[in-house]
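Source file: start_6.cif; contents: mmCIF, C-alpha atoms and all ligand atoms.
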data_run
#
loop_
_atom_site.label_atom_id
_atom_site.label_comp_id
_atom_site.auth_asym_id
_atom_site.auth_seq_id
_atom_site.Cartn_x
_atom_site.Cartn_y
_atom_site.Cartn_z
CA MET A 1 -9.22 8.72 26.09
CA HIS A 2 -9.46 10.63 22.81
CA GLY A 3 -12.94 10.50 21.22
CA MET A 4 -11.67 8.80 18.07
CA ASP A 5 -10.02 6.06 20.18
CA ARG A 6 -13.29 5.34 21.93
CA GLU A 7 -15.14 5.23 18.60
CA ARG A 8 -12.55 2.80 17.28
CA LEU A 9 -12.99 0.42 20.21
CA ASN A 10 -16.77 0.56 19.71
CA MET A 11 -16.27 -0.24 16.06
CA VAL A 12 -14.24 -3.32 17.01
CA ARG A 13 -16.86 -4.51 19.48
CA LYS A 14 -19.99 -3.84 17.43
CA GLN A 15 -18.88 -4.36 13.85
CA LEU A 16 -16.21 -7.05 14.23
CA MET A 17 -16.59 -9.13 17.38
CA ARG A 18 -20.35 -9.46 16.87
CA ARG A 19 -19.75 -10.66 13.32
CA ASN A 20 -17.34 -13.46 14.05
CA ILE A 21 -13.99 -11.77 13.74
CA ARG A 22 -12.18 -13.85 16.35
CA ASP A 23 -8.47 -13.63 15.50
CA ARG A 24 -7.06 -11.78 18.51
CA ALA A 25 -4.21 -10.22 16.57
CA VAL A 26 -6.66 -8.89 13.96
CA LEU A 27 -8.91 -7.38 16.66
CA GLU A 28 -5.86 -5.85 18.31
CA ALA A 29 -4.63 -4.34 15.01
CA MET A 30 -8.08 -2.95 14.21
CA SER A 31 -8.16 -1.42 17.72
CA THR A 32 -4.78 0.22 17.17
CA VAL A 33 -4.58 1.65 13.64
CA PRO A 34 -6.08 5.18 13.46
CA ARG A 35 -8.36 4.71 10.43
CA HIS A 36 -9.38 8.39 10.50
CA LEU A 37 -5.82 9.48 9.70
CA PHE A 38 -5.94 7.54 6.41
CA LEU A 39 -9.02 9.40 5.16
CA PRO A 40 -9.56 12.73 3.44
CA GLU A 41 -10.50 15.47 5.99
CA ASN A 42 -14.08 15.74 4.79
CA VAL A 43 -14.97 12.13 5.69
CA ARG A 44 -12.86 11.66 8.83
CA GLN A 45 -15.89 12.06 11.06
CA TYR A 46 -17.32 8.84 9.56
CA ALA A 47 -14.09 6.86 10.01
CA TYR A 48 -15.52 4.34 12.47
CA GLU A 49 -18.91 3.84 10.86
CA ASP A 50 -19.87 0.55 9.26
CA ARG A 51 -19.22 1.58 5.66
CA ALA A 52 -16.75 2.05 2.87
CA LEU A 53 -15.61 5.67 2.37
CA PRO A 54 -14.50 7.66 -0.67
CA LEU A 55 -10.85 8.47 -1.38
CA SER A 56 -9.69 10.63 -4.27
CA ALA A 57 -9.66 9.33 -7.87
CA GLY A 58 -13.07 7.60 -7.47
CA GLN A 59 -11.53 4.95 -5.21
CA THR A 60 -12.77 3.78 -1.82
CA VAL A 61 -11.46 2.51 1.50
CA SER A 62 -13.18 -0.76 2.35
CA GLN A 63 -15.64 -1.11 5.23
CA PRO A 64 -13.76 -2.02 8.45
CA PHE A 65 -15.48 -5.42 8.63
CA ILE A 66 -14.22 -6.39 5.17
CA VAL A 67 -10.65 -5.33 6.02
CA ALA A 68 -10.84 -7.49 9.17
CA LEU A 69 -12.44 -10.41 7.33
CA MET A 70 -9.69 -10.41 4.70
CA ALA A 71 -6.93 -10.07 7.29
CA GLN A 72 -8.38 -12.93 9.35
CA ALA A 73 -8.73 -15.13 6.25
CA LEU A 74 -4.98 -14.78 5.57
CA MET A 75 -4.25 -16.57 8.90
CA LEU A 76 -1.07 -14.61 9.61
CA THR A 77 1.20 -15.66 12.47
CA GLY A 78 3.72 -12.82 12.38
CA ASN A 79 6.54 -13.91 10.10
CA GLU A 80 5.04 -13.98 6.62
CA ARG A 81 5.85 -12.01 3.50
CA VAL A 82 2.55 -10.51 2.34
CA LEU A 83 1.52 -8.89 -0.94
CA GLU A 84 -1.42 -6.52 -1.12
CA VAL A 85 -2.82 -5.33 -4.46
CA GLY A 86 -4.66 -1.99 -4.22
CA THR A 87 -2.97 0.20 -1.58
CA GLY A 88 -5.63 2.92 -1.77
CA SER A 89 -5.29 4.90 1.46
CA GLY A 90 -2.76 2.47 2.96
CA TYR A 91 -5.15 1.58 5.80
CA ALA A 92 -5.37 -2.16 5.10
CA ALA A 93 -1.60 -2.26 4.57
CA ALA A 94 -1.15 -0.73 8.04
CA ILE A 95 -3.41 -3.40 9.54
CA LEU A 96 -1.46 -6.16 7.75
CA SER A 97 1.86 -4.66 8.84
CA LEU A 98 0.95 -5.30 12.50
CA LEU A 99 0.14 -8.93 11.75
CA THR A 100 3.25 -9.98 9.87
CA ALA A 101 6.90 -9.36 9.01
CA GLU A 102 6.91 -7.64 5.60
CA VAL A 103 4.14 -6.12 3.52
CA TYR A 104 4.53 -5.23 -0.15
CA THR A 105 1.60 -3.19 -1.39
CA ILE A 106 0.98 -2.18 -5.00
CA GLU A 107 -1.06 0.78 -6.27
CA ILE A 108 -1.66 1.83 -9.86
CA VAL A 109 -2.82 5.45 -9.22
CA PRO A 110 0.31 7.60 -8.63
CA ASP A 111 -1.37 10.13 -6.28
CA LEU A 112 -2.75 7.41 -4.04
CA ALA A 113 0.57 5.54 -3.93
CA GLU A 114 2.46 8.72 -2.97
CA THR A 115 0.01 9.79 -0.31
CA ALA A 116 -0.19 6.30 1.20
CA GLN A 117 3.59 5.95 1.23
CA ALA A 118 4.09 9.28 2.99
CA ARG A 119 1.34 8.57 5.51
CA LEU A 120 2.57 5.05 6.35
CA ALA A 121 6.10 6.39 6.89
CA ALA A 122 4.88 9.30 9.03
CA LEU A 123 2.82 6.96 11.23
CA GLY A 124 5.76 4.58 11.66
CA TYR A 125 4.66 1.54 9.63
CA HIS A 126 8.19 0.82 8.52
CA ASN A 127 7.69 -2.76 7.31
CA VAL A 128 5.33 -1.65 4.51
CA HIS A 129 6.77 -1.11 1.04
CA VAL A 130 4.53 0.81 -1.40
CA LEU A 131 5.13 0.20 -5.12
CA LEU A 132 3.61 2.02 -8.07
CA CYS A 133 2.80 -0.57 -10.76
CA ASP A 134 0.15 -2.90 -12.16
CA GLY A 135 -0.66 -5.34 -9.36
CA THR A 136 -2.35 -7.83 -11.69
CA SER A 137 1.18 -8.97 -12.58
CA GLY A 138 2.04 -9.37 -8.90
CA LEU A 139 5.56 -8.54 -7.81
CA PRO A 140 7.89 -11.31 -9.03
CA GLU A 141 11.00 -9.72 -7.40
CA HIS A 142 9.89 -10.70 -3.91
CA ALA A 143 7.82 -13.82 -4.71
CA PRO A 144 6.70 -16.25 -3.45
CA TYR A 145 4.26 -14.80 -0.92
CA ASP A 146 2.82 -16.60 2.10
CA ALA A 147 -0.27 -14.47 1.85
CA MET A 148 -1.81 -12.15 -0.74
CA ALA A 149 -4.80 -9.82 -0.49
CA VAL A 150 -6.41 -8.21 -3.53
CA ALA A 151 -8.51 -5.18 -2.58
CA ALA A 152 -10.16 -4.64 -5.98
CA ALA A 153 -12.63 -6.78 -7.94
CA SER A 154 -11.36 -9.05 -10.67
CA PRO A 155 -13.22 -11.03 -13.35
CA TRP A 156 -10.94 -14.01 -12.54
CA VAL A 157 -7.86 -14.85 -10.48
CA PRO A 158 -4.91 -13.29 -12.34
CA GLN A 159 -2.49 -16.06 -13.33
CA PRO A 160 0.67 -14.25 -12.08
CA LEU A 161 -0.82 -14.01 -8.57
CA ARG A 162 -1.57 -17.74 -8.56
CA GLN A 163 2.02 -18.39 -9.62
CA GLN A 164 3.53 -16.18 -6.91
CA LEU A 165 1.73 -17.99 -4.09
CA ALA A 166 4.05 -20.04 -1.83
CA ASP A 167 3.24 -23.63 -0.99
CA GLY A 168 0.65 -23.44 1.80
CA GLY A 169 0.11 -19.75 0.94
CA ARG A 170 -3.31 -18.04 0.97
CA LEU A 171 -4.69 -15.60 -1.62
CA VAL A 172 -7.87 -13.65 -0.78
CA ILE A 173 -9.54 -11.96 -3.75
CA PRO A 174 -13.00 -10.70 -4.79
CA VAL A 175 -13.95 -12.39 -8.09
CA GLY A 176 -17.04 -11.70 -10.18
CA GLY A 177 -18.75 -8.95 -12.17
CA ARG A 178 -18.32 -5.20 -11.90
CA ASP A 179 -21.28 -4.85 -9.51
CA ASP A 180 -20.84 -7.71 -7.09
CA GLN A 181 -18.33 -10.40 -6.36
CA LEU A 182 -17.55 -13.37 -4.16
CA LEU A 183 -14.62 -13.07 -1.81
CA LEU A 184 -12.53 -16.20 -2.42
CA ARG A 185 -9.66 -17.73 -0.51
CA LEU A 186 -7.26 -19.82 -2.58
CA THR A 187 -4.75 -22.02 -0.77
CA ARG A 188 -1.83 -23.59 -2.58
CA GLN A 189 -1.23 -27.23 -1.71
CA GLY A 190 1.71 -28.23 -3.90
CA GLU A 191 0.48 -28.24 -7.50
CA MET A 192 -3.15 -28.08 -6.34
CA ILE A 193 -5.09 -24.95 -5.41
CA LYS A 194 -8.02 -25.22 -3.01
CA THR A 195 -10.76 -22.56 -3.36
CA GLU A 196 -13.18 -21.48 -0.61
CA ARG A 197 -16.01 -18.93 -0.79
CA LEU A 198 -15.99 -16.47 2.10
CA SER A 199 -18.66 -13.83 1.46
CA GLY A 200 -20.52 -11.72 -1.07
CA VAL A 201 -18.76 -8.35 -1.52
CA ARG A 202 -18.62 -5.22 -3.64
CA PHE A 203 -15.24 -3.73 -4.58
CA VAL A 204 -14.03 -1.17 -7.12
CA PRO A 205 -12.58 -2.83 -10.25
CA LEU A 206 -9.06 -4.17 -10.60
CA ILE A 207 -7.80 -2.54 -13.80
CA GLY A 208 -4.74 -4.02 -15.48
CA GLU A 209 -3.13 -6.42 -17.90
CA HIS A 210 -4.48 -9.56 -16.19
CA ALA A 211 -7.91 -8.27 -15.09
CA TRP A 212 -10.36 -5.66 -16.44
CA LYS A 213 -9.23 -3.33 -19.16
CA GLU A 214 -10.19 0.34 -18.65
CA GLY A 215 -13.87 0.90 -19.58
CA GLU A 216 -14.62 -2.81 -19.94
CA GLY A 217 -17.31 -4.89 -18.22
CA HIS A 218 -20.05 -2.26 -17.66
N1 LIG A 301 -6.89 -1.41 0.57
C1 LIG A 301 -7.27 -0.03 0.32
C2 LIG A 301 -8.53 0.11 -0.50
C3 LIG A 301 -8.31 -0.27 -1.89
S1 LIG A 301 -9.51 0.28 -3.08
C4 LIG A 301 -7.38 0.76 1.60
O1 LIG A 301 -7.25 0.19 2.68
O2 LIG A 301 -7.57 1.97 1.52
C5 LIG A 301 -8.80 -0.48 -4.49
C6 LIG A 301 -7.52 0.13 -4.99
O3 LIG A 301 -7.01 -0.70 -6.02
C7 LIG A 301 -7.69 1.51 -5.60
O4 LIG A 301 -6.86 2.42 -4.94
C8 LIG A 301 -7.26 1.31 -7.05
O5 LIG A 301 -6.60 2.43 -7.60
C9 LIG A 301 -6.34 0.11 -6.94
N2 LIG A 301 -6.12 -0.65 -8.18
C10 LIG A 301 -6.99 -0.92 -9.19
N3 LIG A 301 -6.37 -1.66 -10.13
C11 LIG A 301 -5.10 -1.88 -9.71
C12 LIG A 301 -3.97 -2.58 -10.24
N4 LIG A 301 -4.01 -3.22 -11.42
N5 LIG A 301 -2.82 -2.57 -9.52
C13 LIG A 301 -2.74 -1.92 -8.33
N6 LIG A 301 -3.77 -1.26 -7.79
C14 LIG A 301 -4.93 -1.23 -8.46
#

Conversion result in structure tokens:
Amino acid sequence: MHGMDRERLNMVRKQLMRRNIRDRAVLEAMSTVPRHLFLPENVRQYAYEDRALPLSAGQTVSQPFIVALMAQALMLTGNERVLEVGTGSGYAAAILSLLTAEVYTIEIVPDLAETAQARLAALGYHNVHVLLCDGTSGLPEHAPYDAMAVAAASPWVPQPLRQQLADGGRLVIPVGGRDDQLLLRLTRQGEMIKTERLSGVRFVPLIGEHAWKEGEGH
């Protein structure tokens, strides 16, 4: 077995299974996707450590546990249409792509979107569609979504995302201040939306028309 493969299986056992990640498909996806290949060369050696890691443009790839927690909270069964806001490296999109039918992922930084798109294609994640736009407006063309994951912190739940949630659909999003947030799961039940608190988290800010404006909230 390649060293990175062994490290990845250790990561799944120590960081995920011991912290209540139980969804078998999520554990399987996290055991399969080569996280190191989504990272810049200089941090690849830390790929399977219990931490977020820097990308270019001041952005970060979330800690593996948080990626797994969000994926598990979406309760995917394999045939959903999923929207992710904040492609970053494309790692979380790759995880989601193994859990469902179609993944639309939106990134606002052109370099990151391009790199992620090329990498996902090269690694064979063909059911992921990367789009360069402001994810706070969602993606009305393909709405409604059975599941949505926002991978950047928002001061509130952007209204367009709420609107693009299918009946019974789940939206997982970190909401709060710039420094810390609560990871929420919203579930649409007809006209009603149920909200659950999952965990305290710390994400980079969601910058766009329906969230923070550049330079705001410090
Ligand atoms: N899921 C990613 C990590 C995302 S970090 C991964 O697995 O690597 C958050 C990302 O959200 C950053 O890349 C940032 O550029 C992006 N982002 C911030 N505001 C955004 C917006 N309005 N629309 C789309 N992406 C946004």

Please identify the residues whose atoms come within 9 Å of ligand LIG 301 (chain A), using all atoms listed in the file, and report them as an MDAnalysis selection string.
chainID A and resid 38:39 53 55:64 67 84:95 105:110 112:113 116 131:138 149:154 203:212

Please write the residues from the selection above to a file, keeping C-alpha atoms, as a PDB file, in the frame of the given file.
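selection-v4.pdb written:
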ATOM      1  CA  PHE A  38      -5.940   7.540   6.410  1.00  0.00           C
ATOM      2  CA  LEU A  39      -9.020   9.400   5.160  1.00  0.00           C
ATOM      3  CA  LEU A  53     -15.610   5.670   2.370  1.00  0.00           C
ATOM      4  CA  LEU A  55     -10.850   8.470  -1.380  1.00  0.00           C
ATOM      5  CA  SER A  56      -9.690  10.630  -4.270  1.00  0.00           C
ATOM      6  CA  ALA A  57      -9.660   9.330  -7.870  1.00  0.00           C
ATOM      7  CA  GLY A  58     -13.070   7.600  -7.470  1.00  0.00           C
ATOM      8  CA  GLN A  59     -11.530   4.950  -5.210  1.00  0.00           C
ATOM      9  CA  THR A  60     -12.770   3.780  -1.820  1.00  0.00           C
ATOM     10  CA  VAL A  61     -11.460   2.510   1.500  1.00  0.00           C
ATOM     11  CA  SER A  62     -13.180  -0.760   2.350  1.00  0.00           C
ATOM     12  CA  GLN A  63     -15.640  -1.110   5.230  1.00  0.00           C
ATOM     13  CA  PRO A  64     -13.760  -2.020   8.450  1.00  0.00           C
ATOM     14  CA  VAL A  67     -10.650  -5.330   6.020  1.00  0.00           C
ATOM     15  CA  GLU A  84      -1.420  -6.520  -1.120  1.00  0.00           C
ATOM     16  CA  VAL A  85      -2.820  -5.330  -4.460  1.00  0.00           C
ATOM     17  CA  GLY A  86      -4.660  -1.990  -4.220  1.00  0.00           C
ATOM     18  CA  THR A  87      -2.970   0.200  -1.580  1.00  0.00           C
ATOM     19  CA  GLY A  88      -5.630   2.920  -1.770  1.00  0.00           C
ATOM     20  CA  SER A  89      -5.290   4.900   1.460  1.00  0.00           C
ATOM     21  CA  GLY A  90      -2.760   2.470   2.960  1.00  0.00           C
ATOM     22  CA  TYR A  91      -5.150   1.580   5.800  1.00  0.00           C
ATOM     23  CA  ALA A  92      -5.370  -2.160   5.100  1.00  0.00           C
ATOM     24  CA  ALA A  93      -1.600  -2.260   4.570  1.00  0.00           C
ATOM     25  CA  ALA A  94      -1.150  -0.730   8.040  1.00  0.00           C
ATOM     26  CA  ILE A  95      -3.410  -3.400   9.540  1.00  0.00           C
ATOM     27  CA  THR A 105       1.600  -3.190  -1.390  1.00  0.00           C
ATOM     28  CA  ILE A 106       0.980  -2.180  -5.000  1.00  0.00           C
ATOM     29  CA  GLU A 107      -1.060   0.780  -6.270  1.00  0.00           C
ATOM     30  CA  ILE A 108      -1.660   1.830  -9.860  1.00  0.00           C
ATOM     31  CA  VAL A 109      -2.820   5.450  -9.220  1.00  0.00           C
ATOM     32  CA  PRO A 110       0.310   7.600  -8.630  1.00  0.00           C
ATOM     33  CA  LEU A 112      -2.750   7.410  -4.040  1.00  0.00           C
ATOM     34  CA  ALA A 113       0.570   5.540  -3.930  1.00  0.00           C
ATOM     35  CA  ALA A 116      -0.190   6.300   1.200  1.00  0.00           C
ATOM     36  CA  LEU A 131       5.130   0.200  -5.120  1.00  0.00           C
ATOM     37  CA  LEU A 132       3.610   2.020  -8.070  1.00  0.00           C
ATOM     38  CA  CYS A 133       2.800  -0.570 -10.760  1.00  0.00           C
ATOM     39  CA  ASP A 134       0.150  -2.900 -12.160  1.00  0.00           C
ATOM     40  CA  GLY A 135      -0.660  -5.340  -9.360  1.00  0.00           C
ATOM     41  CA  THR A 136      -2.350  -7.830 -11.690  1.00  0.00           C
ATOM     42  CA  SER A 137       1.180  -8.970 -12.580  1.00  0.00           C
ATOM     43  CA  GLY A 138       2.040  -9.370  -8.900  1.00  0.00           C
ATOM     44  CA  ALA A 149      -4.800  -9.820  -0.490  1.00  0.00           C
ATOM     45  CA  VAL A 150      -6.410  -8.210  -3.530  1.00  0.00           C
ATOM     46  CA  ALA A 151      -8.510  -5.180  -2.580  1.00  0.00           C
ATOM     47  CA  ALA A 152     -10.160  -4.640  -5.980  1.00  0.00           C
ATOM     48  CA  ALA A 153     -12.630  -6.780  -7.940  1.00  0.00           C
ATOM     49  CA  SER A 154     -11.360  -9.050 -10.670  1.00  0.00           C
ATOM     50  CA  PHE A 203     -15.240  -3.730  -4.580  1.00  0.00           C
ATOM     51  CA  VAL A 204     -14.030  -1.170  -7.120  1.00  0.00           C
ATOM     52  CA  PRO A 205     -12.580  -2.830 -10.250  1.00  0.00           C
ATOM     53  CA  LEU A 206      -9.060  -4.170 -10.600  1.00  0.00           C
ATOM     54  CA  ILE A 207      -7.800  -2.540 -13.800  1.00  0.00           C
ATOM     55  CA  GLY A 208      -4.740  -4.020 -15.480  1.00  0.00           C
ATOM     56  CA  GLU A 209      -3.130  -6.420 -17.900  1.00  0.00           C
ATOM     57  CA  HIS A 210      -4.480  -9.560 -16.190  1.00  0.00           C
ATOM     58  CA  ALA A 211      -7.910  -8.270 -15.090  1.00  0.00           C
ATOM     59  CA  TRP A 212     -10.360  -5.660 -16.440  1.00  0.00           C
TER      60      TRP A 212
END

Using all atoms listed in the file, which residues of region 50-115 of chain A come within 10 Å of region 175-198 of chain A, and what is the closest atom pair for each, with the distance in Å to one decimal? Give it as JSON lines, sorted by chain and residue number.
{"residue": "A:Ile66", "atom": "CA", "partner": "A:Leu183", "partner_atom": "CA", "distance": 9.7}
{"residue": "A:Leu69", "atom": "CA", "partner": "A:Leu198", "partner_atom": "CA", "distance": 8.8}
{"residue": "A:Met70", "atom": "CA", "partner": "A:Leu183", "partner_atom": "CA", "distance": 8.6}
{"residue": "A:Ala73", "atom": "CA", "partner": "A:Arg185", "partner_atom": "CA", "distance": 7.3}
{"residue": "A:Leu74", "atom": "CA", "partner": "A:Arg185", "partner_atom": "CA", "distance": 8.2}

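Nearest-residue note for Tyr125 (chain A): choosing from A:Thr77, A:Asp146, A:Gly200, A:Val33, the minimum distance belongs to A:Val33, counting all atoms listed in the file.
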
I'd like the interatomic distance between CA of Gln45 (chain A) and CA of His2 (chain A), to a tenth of an Å.
13.5 Å

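Counting only C-alpha atoms and comparing A:Asp23, A:Asp50, A:Glu7, A:Glu216, the residue that lies closest to Leu99 (chain A) is A:Asp23.
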
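Each of A:Gln117, A:Asn127, A:Gln164, A:Gln15 was checked against His142 (chain A) using all atoms listed in the file; the smallest atom-to-atom distance is that of A:Gln164.
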
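Comparing A:Ala143, A:Val103, A:Leu37, A:Leu165 by their smallest distance to Leu123 (chain A), the closest is A:Leu37 (using all atoms listed in the file).
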
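For the set A:Pro160, A:Pro155, A:Pro40, A:Gly124, the residue with the smallest atom-to-atom gap to Leu139 (chain A) is A:Pro160, counting all atoms listed in the file.
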
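The coordinates place CA of Ala122 (chain A) at 20.3 Å from CA of Val43 (chain A).
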
Counting only C-alpha atoms, closest pick from A:Lys213, A:Lys14, A:Arg170, A:Arg6 relative to Thr32 (chain A) is A:Arg6

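The coordinates place CA of Ala101 (chain A) at 6.2 Å from CA of Arg81 (chain A).
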